$ cat my_file_30.csv   # CSV, C-alpha atoms
chain,number,residue,atom,x,y,z
W,97,MET,CA,0.9,24.7,0.1
W,98,SER,CA,-0.3,21.4,-1.3
W,99,PHE,CA,1.4,19.2,-4.0
W,100,SER,CA,1.4,20.1,-7.6
W,101,PRO,CA,-1.9,18.9,-9.3
W,102,LEU,CA,-0.5,15.7,-10.9
W,103,ILE,CA,1.2,14.5,-7.6
W,104,GLN,CA,-2.0,15.3,-5.7
W,105,GLN,CA,-4.0,13.3,-8.3
W,106,LEU,CA,-1.6,10.3,-7.8
W,107,VAL,CA,-1.8,10.6,-4.0
W,108,THR,CA,-5.7,10.6,-4.3
W,109,ALA,CA,-5.7,7.7,-6.7
W,110,LEU,CA,-3.4,5.6,-4.4
W,111,ARG,CA,-6.0,6.0,-1.6
W,112,CYS,CA,-8.2,3.5,-3.5
W,113,LEU,CA,-5.8,0.7,-2.3
W,114,PRO,CA,-7.0,-1.0,0.9
W,115,GLY,CA,-5.1,0.0,4.0
W,116,VAL,CA,-3.6,3.0,2.4
W,117,GLY,CA,-4.2,6.3,4.2
W,118,PRO,CA,-3.2,9.8,3.3
W,119,LYS,CA,0.3,9.6,4.7
W,120,SER,CA,1.1,6.2,3.1
W,121,ALA,CA,-0.3,7.4,-0.2
W,122,GLN,CA,2.1,10.4,0.0
W,123,ARG,CA,5.0,8.2,0.8
W,124,MET,CA,4.2,5.8,-2.1
W,125,ALA,CA,3.8,8.6,-4.6
W,126,PHE,CA,7.1,10.3,-3.7
W,127,HIS,CA,8.9,6.9,-3.6
W,128,LEU,CA,7.7,6.1,-7.1
W,129,LEU,CA,8.4,9.6,-8.5
W,130,GLU,CA,11.8,10.0,-6.8
W,131,ARG,CA,13.2,6.5,-7.0
W,132,ASP,CA,11.2,4.1,-9.1
W,133,ARG,CA,9.6,5.6,-12.3
W,134,GLU,CA,10.2,2.2,-14.0
W,135,GLY,CA,8.1,0.6,-11.3
W,136,ALA,CA,5.4,3.2,-11.7
W,137,PHE,CA,5.1,2.5,-15.5
W,138,THR,CA,5.1,-1.3,-14.9
W,139,LEU,CA,2.4,-1.0,-12.2
W,140,ALA,CA,0.3,1.3,-14.4
W,141,ASP,CA,0.4,-1.3,-17.3
W,142,ALA,CA,-0.3,-4.2,-15.0
W,143,LEU,CA,-3.3,-2.5,-13.5
W,144,LYS,CA,-4.7,-1.6,-16.8
W,145,VAL,CA,-4.3,-5.0,-18.4
W,146,ALA,CA,-5.6,-6.9,-15.3
W,147,ALA,CA,-8.6,-4.6,-14.9
W,148,GLN,CA,-9.4,-5.1,-18.6
W,149,GLU,CA,-8.8,-8.8,-19.0
W,150,VAL,CA,-9.5,-10.5,-15.7
W,151,GLU,CA,-13.0,-11.8,-15.6
W,152,GLN,CA,-14.9,-14.4,-13.5
W,153,CYS,CA,-14.5,-18.1,-14.4
W,154,ARG,CA,-17.8,-19.3,-15.9
W,155,MET,CA,-17.8,-22.5,-13.8
W,156,CYS,CA,-16.6,-21.4,-10.3
W,157,CYS,CA,-16.8,-17.5,-10.4
W,158,THR,CA,-13.2,-17.1,-9.2
W,159,LEU,CA,-11.1,-14.4,-10.9
W,160,SER,CA,-9.4,-15.7,-14.1
W,161,GLU,CA,-8.4,-14.3,-17.5
W,162,SER,CA,-9.5,-17.4,-19.3
W,163,GLU,CA,-13.2,-18.3,-19.6
W,164,ILE,CA,-12.7,-21.4,-17.5
W,165,CYS,CA,-10.0,-21.2,-14.8
W,166,ASP,CA,-7.1,-23.6,-14.5
W,167,ILE,CA,-8.7,-25.5,-11.6
W,168,CYS,CA,-12.1,-26.1,-13.3
W,169,ALA,CA,-10.3,-27.0,-16.5
W,170,SER,CA,-7.9,-29.5,-14.9
W,171,PRO,CA,-8.8,-33.1,-15.6
W,172,SER,CA,-7.0,-34.2,-12.5
W,173,ARG,CA,-9.4,-32.4,-10.1
W,174,GLU,CA,-12.4,-34.3,-8.7
W,175,SER,CA,-15.4,-32.4,-10.0
W,176,SER,CA,-17.8,-34.3,-7.7
W,177,LEU,CA,-16.2,-32.7,-4.7
W,178,LEU,CA,-17.3,-29.0,-4.5
W,179,CYS,CA,-15.9,-26.6,-1.9
W,180,ILE,CA,-17.9,-23.4,-1.4
W,181,VAL,CA,-15.9,-20.3,-0.4
W,182,GLU,CA,-16.5,-16.6,-0.1
W,183,SER,CA,-13.7,-15.1,-2.1
W,184,PRO,CA,-10.9,-15.9,-4.6
W,185,MET,CA,-8.4,-15.3,-1.7
W,186,ASP,CA,-10.0,-18.3,0.1
W,187,VAL,CA,-9.4,-20.5,-3.0
W,188,LEU,CA,-5.8,-19.6,-2.8
W,189,ALA,CA,-5.6,-20.2,0.9
W,190,ILE,CA,-7.0,-23.7,0.5
W,191,GLU,CA,-4.8,-24.4,-2.5
W,192,GLN,CA,-1.8,-23.6,-0.5
W,193,THR,CA,-2.5,-26.5,1.9
W,194,SER,CA,-2.2,-28.8,-1.2
W,195,GLY,CA,-4.7,-31.0,0.7
W,196,PHE,CA,-7.8,-30.6,-1.5
W,197,ALA,CA,-8.3,-32.2,-4.9
W,198,GLY,CA,-11.8,-31.1,-5.7
W,199,VAL,CA,-13.2,-28.0,-7.3
W,200,TYR,CA,-14.5,-24.7,-6.0
W,201,TYR,CA,-17.4,-22.4,-6.1
W,202,VAL,CA,-16.7,-18.7,-5.2
W,203,LEU,CA,-19.8,-16.8,-3.8
W,204,GLY,CA,-18.1,-13.5,-4.0
W,205,GLY,CA,-19.3,-12.5,-0.5
W,206,HIS,CA,-21.8,-13.6,2.1
W,207,LEU,CA,-25.5,-13.0,2.7
W,208,SER,CA,-25.9,-9.6,4.3
W,209,PRO,CA,-29.5,-8.3,4.2
W,210,ILE,CA,-28.4,-5.1,5.9
W,211,ASP,CA,-26.1,-4.3,2.9
W,212,GLY,CA,-28.7,-5.6,0.4
W,213,VAL,CA,-26.8,-8.7,-0.5
W,214,GLY,CA,-29.2,-11.6,-1.1
W,215,PRO,CA,-28.9,-15.1,-2.5
W,216,GLU,CA,-29.3,-13.8,-6.1
W,217,ASP,CA,-26.1,-11.6,-5.7
W,218,LEU,CA,-24.1,-14.6,-4.6
W,219,GLY,CA,-25.3,-16.8,-7.6
W,220,ILE,CA,-26.7,-19.3,-5.2
W,221,ASP,CA,-29.4,-20.5,-7.7
W,222,PHE,CA,-26.6,-21.2,-10.2
W,223,LEU,CA,-24.8,-23.1,-7.5
W,224,ILE,CA,-27.8,-25.2,-6.6
W,225,ASP,CA,-28.4,-26.0,-10.3
W,226,ARG,CA,-24.8,-27.1,-10.6
W,227,VAL,CA,-24.9,-29.3,-7.6
W,228,THR,CA,-28.2,-31.1,-8.7
W,229,SER,CA,-27.3,-31.4,-12.4
W,230,GLU,CA,-23.7,-32.4,-12.1
W,231,GLN,CA,-24.0,-35.2,-9.6
W,232,VAL,CA,-21.8,-33.6,-7.1
W,233,LYS,CA,-21.2,-36.1,-4.3
W,234,GLU,CA,-20.1,-33.8,-1.6
W,235,VAL,CA,-20.5,-30.1,-0.9
W,236,ILE,CA,-18.0,-28.6,1.6
W,237,LEU,CA,-19.2,-25.4,3.1
W,238,ALA,CA,-16.1,-23.4,3.6
W,239,THR,CA,-17.5,-19.9,4.2
W,240,ASN,CA,-15.8,-17.8,6.9
W,241,PRO,CA,-16.4,-18.7,10.5
W,242,THR,CA,-18.2,-15.4,11.1
W,243,VAL,CA,-21.9,-14.8,11.8
W,244,GLU,CA,-22.5,-13.9,8.1
W,245,GLY,CA,-20.4,-16.8,6.9
W,246,GLU,CA,-22.3,-19.2,9.1
W,247,ALA,CA,-25.7,-17.8,8.0
W,248,THR,CA,-24.6,-18.2,4.4
W,249,ALA,CA,-23.5,-21.8,5.0
W,250,HIS,CA,-26.8,-22.5,6.8
W,251,TYR,CA,-28.8,-21.0,3.9
W,252,ILE,CA,-27.0,-23.1,1.3
W,253,ALA,CA,-27.4,-26.2,3.4
W,254,GLU,CA,-31.2,-25.6,3.7
W,255,ARG,CA,-31.5,-25.1,0.0
W,256,LEU,CA,-29.6,-28.3,-0.7
W,257,LYS,CA,-31.8,-30.3,1.6
W,258,GLY,CA,-33.4,-33.2,-0.2
W,259,CYS,CA,-30.6,-33.6,-2.7
W,260,GLU,CA,-28.6,-36.8,-2.4
W,261,THR,CA,-25.4,-34.8,-2.0
W,262,ARG,CA,-23.5,-35.1,1.2
W,263,ILE,CA,-23.2,-31.7,2.8
W,264,THR,CA,-20.3,-30.9,5.2
W,265,ARG,CA,-18.9,-27.9,7.0
W,266,ILE,CA,-15.2,-27.3,7.7
W,267,ALA,CA,-14.3,-28.0,11.3
W,268,HIS,CA,-14.2,-25.3,13.9
W,269,GLY,CA,-11.7,-25.8,16.7
W,270,VAL,CA,-8.4,-24.7,18.2
W,271,PRO,CA,-5.9,-23.6,15.6
W,272,VAL,CA,-2.8,-25.9,15.3
W,273,GLY,CA,0.2,-24.5,17.1
W,274,GLY,CA,-1.8,-22.3,19.4
W,275,GLU,CA,-2.2,-22.5,23.2
W,276,LEU,CA,-5.5,-23.3,24.8
W,277,GLU,CA,-5.1,-20.5,27.3
W,278,TYR,CA,-5.3,-17.9,24.5
W,279,VAL,CA,-8.1,-19.4,22.5
W,280,ASP,CA,-11.5,-17.6,22.9
W,281,GLY,CA,-14.4,-19.3,24.6
W,282,GLY,CA,-16.6,-19.7,21.4
W,283,THR,CA,-13.8,-21.6,19.6
W,284,LEU,CA,-13.0,-23.7,22.6
W,285,ALA,CA,-16.7,-24.7,23.0
W,286,HIS,CA,-16.7,-25.7,19.3
W,287,ALA,CA,-13.5,-27.7,19.8
W,288,LEU,CA,-15.0,-29.6,22.7
W,289,ALA,CA,-18.3,-30.2,20.9
W,290,GLY,CA,-16.6,-31.3,17.8
W,291,ARG,CA,-14.1,-33.7,19.6
W,292,ARG,CA,-13.2,-36.9,17.7
W,293,GLN,CA,-12.3,-40.4,18.7
W,294,TRP,CA,-8.5,-40.7,19.3
E,169,MET,CA,-1.6,-23.4,-7.6
E,170,SER,CA,-0.7,-19.8,-8.2
E,171,PHE,CA,-2.8,-17.0,-9.6
E,172,SER,CA,-3.5,-16.7,-13.2
E,173,PRO,CA,-0.6,-14.9,-15.0
E,174,LEU,CA,-2.2,-11.4,-15.2
E,175,ILE,CA,-3.2,-11.4,-11.5
E,176,GLN,CA,0.3,-12.6,-10.6
E,177,GLN,CA,1.8,-9.8,-12.7
E,178,LEU,CA,-0.3,-7.3,-10.9
E,179,VAL,CA,0.6,-8.7,-7.5
E,180,THR,CA,4.3,-8.5,-8.4
E,181,ALA,CA,4.0,-4.9,-9.8
E,182,LEU,CA,2.2,-3.8,-6.5
E,183,ARG,CA,5.3,-4.9,-4.6
E,184,CYS,CA,7.2,-1.9,-5.9
E,185,LEU,CA,5.2,0.3,-3.5
E,186,PRO,CA,7.1,0.9,-0.2
E,187,GLY,CA,5.8,-1.1,2.7
E,188,VAL,CA,3.8,-3.5,0.6
E,189,GLY,CA,4.7,-7.2,1.1
E,190,PRO,CA,3.4,-10.3,-0.7
E,191,LYS,CA,0.3,-10.6,1.4
E,192,SER,CA,-0.7,-6.9,1.1
E,193,ALA,CA,-0.1,-7.0,-2.6
E,194,GLN,CA,-2.4,-9.9,-3.0
E,195,ARG,CA,-5.1,-8.2,-0.9
E,196,MET,CA,-4.7,-5.0,-3.0
E,197,ALA,CA,-4.9,-6.9,-6.3
E,198,PHE,CA,-8.0,-8.8,-5.3
E,199,HIS,CA,-9.7,-5.7,-3.8
E,200,LEU,CA,-9.2,-3.8,-7.0
E,201,LEU,CA,-10.3,-6.6,-9.3
E,202,GLU,CA,-13.2,-7.7,-7.2
E,203,ARG,CA,-14.6,-4.3,-6.1
E,204,ASP,CA,-12.9,-1.3,-7.6
E,205,ARG,CA,-12.0,-1.7,-11.4
E,206,GLU,CA,-12.8,2.0,-11.8
E,207,GLY,CA,-10.2,2.8,-9.1
E,208,ALA,CA,-7.7,0.5,-10.9
E,209,PHE,CA,-8.1,2.4,-14.2
E,210,THR,CA,-7.9,5.8,-12.4
E,211,LEU,CA,-4.7,4.7,-10.6
E,212,ALA,CA,-3.1,3.4,-13.8
E,213,ASP,CA,-3.7,6.7,-15.5
E,214,ALA,CA,-2.6,8.8,-12.6
E,215,LEU,CA,0.6,6.7,-12.3
E,216,LYS,CA,1.4,7.0,-16.0
E,217,VAL,CA,0.7,10.7,-16.3
E,218,ALA,CA,2.6,11.6,-13.1
E,219,ALA,CA,5.6,9.4,-14.0
E,220,GLN,CA,5.8,11.0,-17.4
E,221,GLU,CA,5.1,14.7,-16.5
E,222,VAL,CA,6.5,15.3,-13.1
E,223,GLU,CA,10.1,16.6,-13.2
E,224,GLN,CA,12.4,18.4,-10.8
E,225,CYS,CA,11.9,22.2,-10.4
E,226,ARG,CA,14.9,23.9,-12.0
E,227,MET,CA,15.4,26.2,-9.1
E,228,CYS,CA,15.0,24.0,-6.0
E,229,CYS,CA,14.9,20.4,-7.3
E,230,THR,CA,11.6,19.5,-5.6
E,231,LEU,CA,9.1,17.5,-7.7
E,232,SER,CA,6.9,19.6,-9.9
E,233,GLU,CA,5.3,19.3,-13.3
E,234,SER,CA,6.1,22.9,-14.2
E,235,GLU,CA,9.7,24.0,-14.9
E,236,ILE,CA,9.7,26.2,-11.8
E,237,CYS,CA,7.6,25.0,-8.9
E,238,ASP,CA,4.9,27.2,-7.2
E,239,ILE,CA,7.1,28.1,-4.3
E,240,CYS,CA,10.1,29.3,-6.3
E,241,ALA,CA,7.7,31.1,-8.7
E,242,SER,CA,5.8,32.9,-6.0
E,243,PRO,CA,6.7,36.6,-5.7
E,244,SER,CA,5.5,36.6,-2.0
E,245,ARG,CA,8.3,34.2,-0.9
E,246,GLU,CA,11.5,35.7,0.4
E,247,SER,CA,14.2,34.3,-1.9
E,248,SER,CA,17.0,35.5,0.3
E,249,LEU,CA,16.0,32.9,2.9
E,250,LEU,CA,17.0,29.5,1.7
E,251,CYS,CA,16.1,26.3,3.6
E,252,ILE,CA,18.0,23.2,2.6
E,253,VAL,CA,16.1,19.9,3.0
E,254,GLU,CA,16.7,16.3,2.0
E,255,SER,CA,13.5,15.4,0.2
E,256,PRO,CA,10.3,16.9,-1.3
E,257,MET,CA,8.4,15.4,1.7
E,258,ASP,CA,10.4,17.6,4.0
E,259,VAL,CA,9.3,20.6,2.0
E,260,LEU,CA,5.7,19.6,2.6
E,261,ALA,CA,6.3,19.0,6.3
E,262,ILE,CA,7.7,22.5,6.7
E,263,GLU,CA,5.0,24.1,4.5
E,264,GLN,CA,2.4,22.6,6.7
E,265,THR,CA,3.7,24.5,9.7
E,266,SER,CA,2.9,27.8,7.7
E,267,GLY,CA,5.8,29.3,9.6
E,268,PHE,CA,8.3,29.7,6.8
E,269,ALA,CA,8.2,32.3,4.1
E,270,GLY,CA,11.5,31.6,2.4
E,271,VAL,CA,12.4,29.2,-0.4
E,272,TYR,CA,13.8,25.7,-0.5
E,273,TYR,CA,16.6,23.7,-1.9
E,274,VAL,CA,16.0,19.9,-2.1
E,275,LEU,CA,19.1,17.8,-2.0
E,276,GLY,CA,17.4,14.6,-2.9
E,277,GLY,CA,19.2,12.6,-0.2
E,278,HIS,CA,22.2,12.9,2.0
E,279,LEU,CA,25.9,12.3,1.7
E,280,SER,CA,26.5,8.6,2.0
E,281,PRO,CA,30.0,7.5,0.8
E,282,ILE,CA,29.1,3.8,1.5
E,283,ASP,CA,26.3,4.0,-1.1
E,284,GLY,CA,28.4,6.1,-3.4
E,285,VAL,CA,26.4,9.3,-2.9
E,286,GLY,CA,28.8,12.2,-3.0
E,287,PRO,CA,28.3,16.0,-3.2
E,288,GLU,CA,27.9,15.9,-7.0
E,289,ASP,CA,24.9,13.6,-6.7
E,290,LEU,CA,23.1,16.1,-4.3
E,291,GLY,CA,23.8,19.1,-6.6
E,292,ILE,CA,25.8,20.8,-3.9
E,293,ASP,CA,27.9,22.8,-6.4
E,294,PHE,CA,24.8,24.2,-7.9
E,295,LEU,CA,23.5,25.1,-4.4
E,296,ILE,CA,26.8,26.9,-3.5
E,297,ASP,CA,26.7,28.8,-6.8
E,298,ARG,CA,23.1,29.8,-6.1
E,299,VAL,CA,23.9,31.0,-2.6
E,300,THR,CA,26.9,33.1,-3.7
E,301,SER,CA,25.3,34.5,-6.8
E,302,GLU,CA,21.8,35.3,-5.6
E,303,GLN,CA,22.7,37.2,-2.4
E,304,VAL,CA,21.1,34.7,-0.1
E,305,LYS,CA,21.1,36.3,3.4
E,306,GLU,CA,20.5,33.1,5.4
E,307,VAL,CA,20.9,29.4,4.7
E,308,ILE,CA,18.9,27.2,7.1
E,309,LEU,CA,20.3,23.7,7.2
E,310,ALA,CA,17.2,21.5,7.7
E,311,THR,CA,18.6,18.1,6.8
E,312,ASN,CA,17.4,15.2,9.0
E,313,PRO,CA,18.8,15.0,12.6
E,314,THR,CA,20.5,11.7,11.7
E,315,VAL,CA,24.2,10.9,11.4
E,316,GLU,CA,24.1,11.3,7.6
E,317,GLY,CA,21.9,14.4,7.8
E,318,GLU,CA,24.3,16.0,10.3
E,319,ALA,CA,27.3,15.1,8.1
E,320,THR,CA,25.6,16.6,5.0
E,321,ALA,CA,24.8,19.8,7.0
E,322,HIS,CA,28.3,20.0,8.2
E,323,TYR,CA,29.7,19.5,4.7
E,324,ILE,CA,27.5,22.3,3.3
E,325,ALA,CA,28.4,24.6,6.2
E,326,GLU,CA,32.1,24.0,5.5
E,327,ARG,CA,31.7,24.8,1.8
E,328,LEU,CA,29.8,28.0,2.5
E,329,LYS,CA,32.5,29.2,4.9
E,330,GLY,CA,33.8,32.6,3.8
E,331,CYS,CA,30.5,33.6,2.2
E,332,GLU,CA,28.8,36.5,3.9
E,333,THR,CA,25.7,34.4,4.2
E,334,ARG,CA,24.4,33.6,7.7
E,335,ILE,CA,24.3,29.8,8.2
E,336,THR,CA,21.9,28.3,10.7
E,337,ARG,CA,20.8,24.8,11.7
E,338,ILE,CA,17.3,23.9,12.9
E,339,ALA,CA,17.2,23.5,16.7
E,340,HIS,CA,17.5,20.0,18.3
E,341,GLY,CA,15.7,19.6,21.5
E,342,VAL,CA,12.7,17.9,23.2
E,343,PRO,CA,9.6,17.6,21.0
E,344,VAL,CA,6.7,19.7,22.0
E,345,GLY,CA,4.0,17.7,23.9
E,346,GLY,CA,6.5,15.0,24.9
E,347,GLU,CA,7.6,14.0,28.4
E,348,LEU,CA,11.2,14.4,29.5
E,349,GLU,CA,11.2,11.0,31.0
E,350,TYR,CA,10.8,9.3,27.6
E,351,VAL,CA,13.2,11.5,25.6
E,352,ASP,CA,16.5,9.9,24.7
E,353,GLY,CA,19.8,11.0,26.2
E,354,GLY,CA,21.2,12.5,23.0
E,355,THR,CA,18.2,14.7,22.4
E,356,LEU,CA,18.1,15.8,26.1
E,357,ALA,CA,21.8,16.7,25.9
E,358,HIS,CA,21.1,18.8,22.8
E,359,ALA,CA,18.1,20.4,24.5
E,360,LEU,CA,20.3,21.4,27.5
E,361,ALA,CA,23.2,22.6,25.4
E,362,GLY,CA,20.8,24.7,23.2
E,363,ARG,CA,18.9,26.3,26.1
E,364,ARG,CA,17.6,29.8,25.6
E,365,GLN,CA,17.1,32.8,27.8
E,366,TRP,CA,13.5,32.8,29.2
$ encode --input "my_file_30.csv" --output "structure tokens"
Amino acid sequence: MSFSPLIQQLVTALRCLPGVGPKSAQRMAFHLLERDREGAFTLADALKVAAQEVEQCRMCCTLSESEICDICASPSRESSLLCIVESPMDVLAIEQTSGFAGVYYVLGGHLSPIDGVGPEDLGIDFLIDRVTSEQVKEVILATNPTVEGEATAHYIAERLKGCETRITRIAHGVPVGGELEYVDGGTLAHALAGRRQW
Amino acid sequence: MSFSPLIQQLVTALRCLPGVGPKSAQRMAFHLLERDREGAFTLADALKVAAQEVEQCRMCCTLSESEICDICASPSRESSLLCIVESPMDVLAIEQTSGFAGVYYVLGGHLSPIDGVGPEDLGIDFLIDRVTSEQVKEVILATNPTVEGEATAHYIAERLKGCETRITRIAHGVPVGGELEYVDGGTLAHALAGRRQW
């Protein structure tokens, strides 16, 4: 026996969520149908509206329902300080530190020739145009500290060579609150190489 | 900074899924919006249709979009063998063993006076009526092996006293494939007490 068709359809649809396997999808479907129909309707509406209305900001390519997102539109942000990240989640992570007053550019991924992702897919030409035409003083490369993230940062830095813009990369080193003993060798080597005057 | 309102609304709505905290909800929302709009629409439709159409089977109270579920409607099932379970998920678990040819009754929970769940909330009167009027030969109490499940089974067994129906409880014992060393004392005591002739 399997479920009745509509329940089966719901279980299958729930599998599109990241990290949700067959068993979790079953649990979610039954939870909603048995105990939270209201929540199911709310979720259905929220999904539909968000999937219809949310687009990319025309300036920074983050997700936003307005043409220009709140950060790009804010007059209190320093538009000459541009932080390049891979995804909208990274924007949120940096915003939560409250330590950055500049603006962002979201690549929407990293260079990955094996998956067919090239510079044109990340809008890098648009980014270079923006940096040269808008008198950006500093570009902070904040792509992920992975092989692909580093390669992407390297590529952008190469493309920006010759501009008068200052190009920086976020620091690699030991995470705050960690113990040296448990930090991997690569990170430790970076932390030593990037040591600063006390 | 927080998300734009529609994204925030979606993140909040995703929290209604069991086991989804704030961070997973964010990840799910961004995954759908960045990479799987199609999936978001499909999920929204599946949720809406299921929440509208799926009701309880009038015979066994499991979830089904038809008035009588497939199991109750099937002429090949033995209607004189009635298995009482707590939830529709339990029906599925038993069906997957392919070892049961009878029909089910889904209580939709267990007795829990502290949460205000009494016999009337579980439809126990309806169940007793069904057992007495339909010439059920055997009632298998397959509520969960928890304190509440045992109490519920006990209550139903008490109510059915005096009927000619045979009342049984699923066996408690060591799970197949486990090691005795790691089985808890309560289970082991049950396994010893319930030993069978070789």
$ residues_around --input "my_file_30.csv" --residues "Ala121 in chain W" --least-positions-apart "4" --cutoff "9 Å" --atoms "only C-alpha atoms" --output "ChimeraX atom specification"
/W:106-111,113,116-117,125-126
$ residues_around --input "my_file_30.csv" --residues "Ala249 in chain W" --least-positions-apart "5" --cutoff "8 Å" --atoms "all atoms listed in the file" --output "JSON, numbers by chain"
{"W": [237, 238, 239, 265]}
$ closest_atom_pairs --input "my_file_30.csv" --of "range 260-294 of chain E" --to "range 130-143 of chain W" --cutoff "12 Å" --atoms "only C-alpha atoms" --output "tab-separated table"
residue	atom	partner	partner_atom	distance
E:Val274	CA	W:Glu130	CA	11.7
E:Leu275	CA	W:Glu130	CA	11.7
E:Gly276	CA	W:Glu130	CA	8.2
E:Gly277	CA	W:Glu130	CA	10.3
$ residues_around --input "my_file_30.csv" --residues "range 188-200 of chain W" --least-positions-apart "4" --cutoff "8 Å" --atoms "all atoms listed in the file" --output "number ranges by chain"
W: 156, 167-168, 172-181, 184; E: 169-171
$ closest_residue --input "my_file_30.csv" --among "W:Asp280, W:Glu151, W:Asp186, W:Glu234" --to "Ile263 in chain W" --atoms "all atoms listed in the file"
W:Glu234
$ atom_distance --input "my_file_30.csv" --atom1 "CA of Gly269 in chain W" --atom2 "CA of Gly290 in chain W"
7.4 Å
$ atom_distance --input "my_file_30.csv" --atom1 "CA of Leu356 in chain E" --atom2 "CA of Val342 in chain E"
6.5 Å
$ closest_residue --input "my_file_30.csv" --among "W:Ala169, W:Ala285, W:Met185, W:Cys153" --to "chain E" --atoms "all atoms listed in the file"
W:Met185
$ atom_distance --input "my_file_30.csv" --atom1 "CA of Lys144 in chain W" --atom2 "CA of Leu174 in chain E"
10.2 Å
$ residues_around --input "my_file_30.csv" --residues "Thr228 in chain W" --least-positions-apart "3" --cutoff "10 Å" --atoms "only C-alpha atoms" --output "PyMOL selection string"
chain W and resi 223-225+231-233+256+259-261
$ residues_around --input "my_file_30.csv" --residues "Arg154 in chain W" --least-positions-apart "3" --cutoff "10 Å" --atoms "only C-alpha atoms" --output "tab-separated table (two decimals) with C-alpha atoms, in the frame of the given file"
chain	number	residue	atom	x	y	z
W	151	GLU	CA	-13.00	-11.80	-15.60
W	157	CYS	CA	-16.80	-17.50	-10.40
W	158	THR	CA	-13.20	-17.10	-9.20
W	159	LEU	CA	-11.10	-14.40	-10.90
W	160	SER	CA	-9.40	-15.70	-14.10
W	162	SER	CA	-9.50	-17.40	-19.30
W	163	GLU	CA	-13.20	-18.30	-19.60
W	164	ILE	CA	-12.70	-21.40	-17.50
W	165	CYS	CA	-10.00	-21.20	-14.80
W	168	CYS	CA	-12.10	-26.10	-13.30
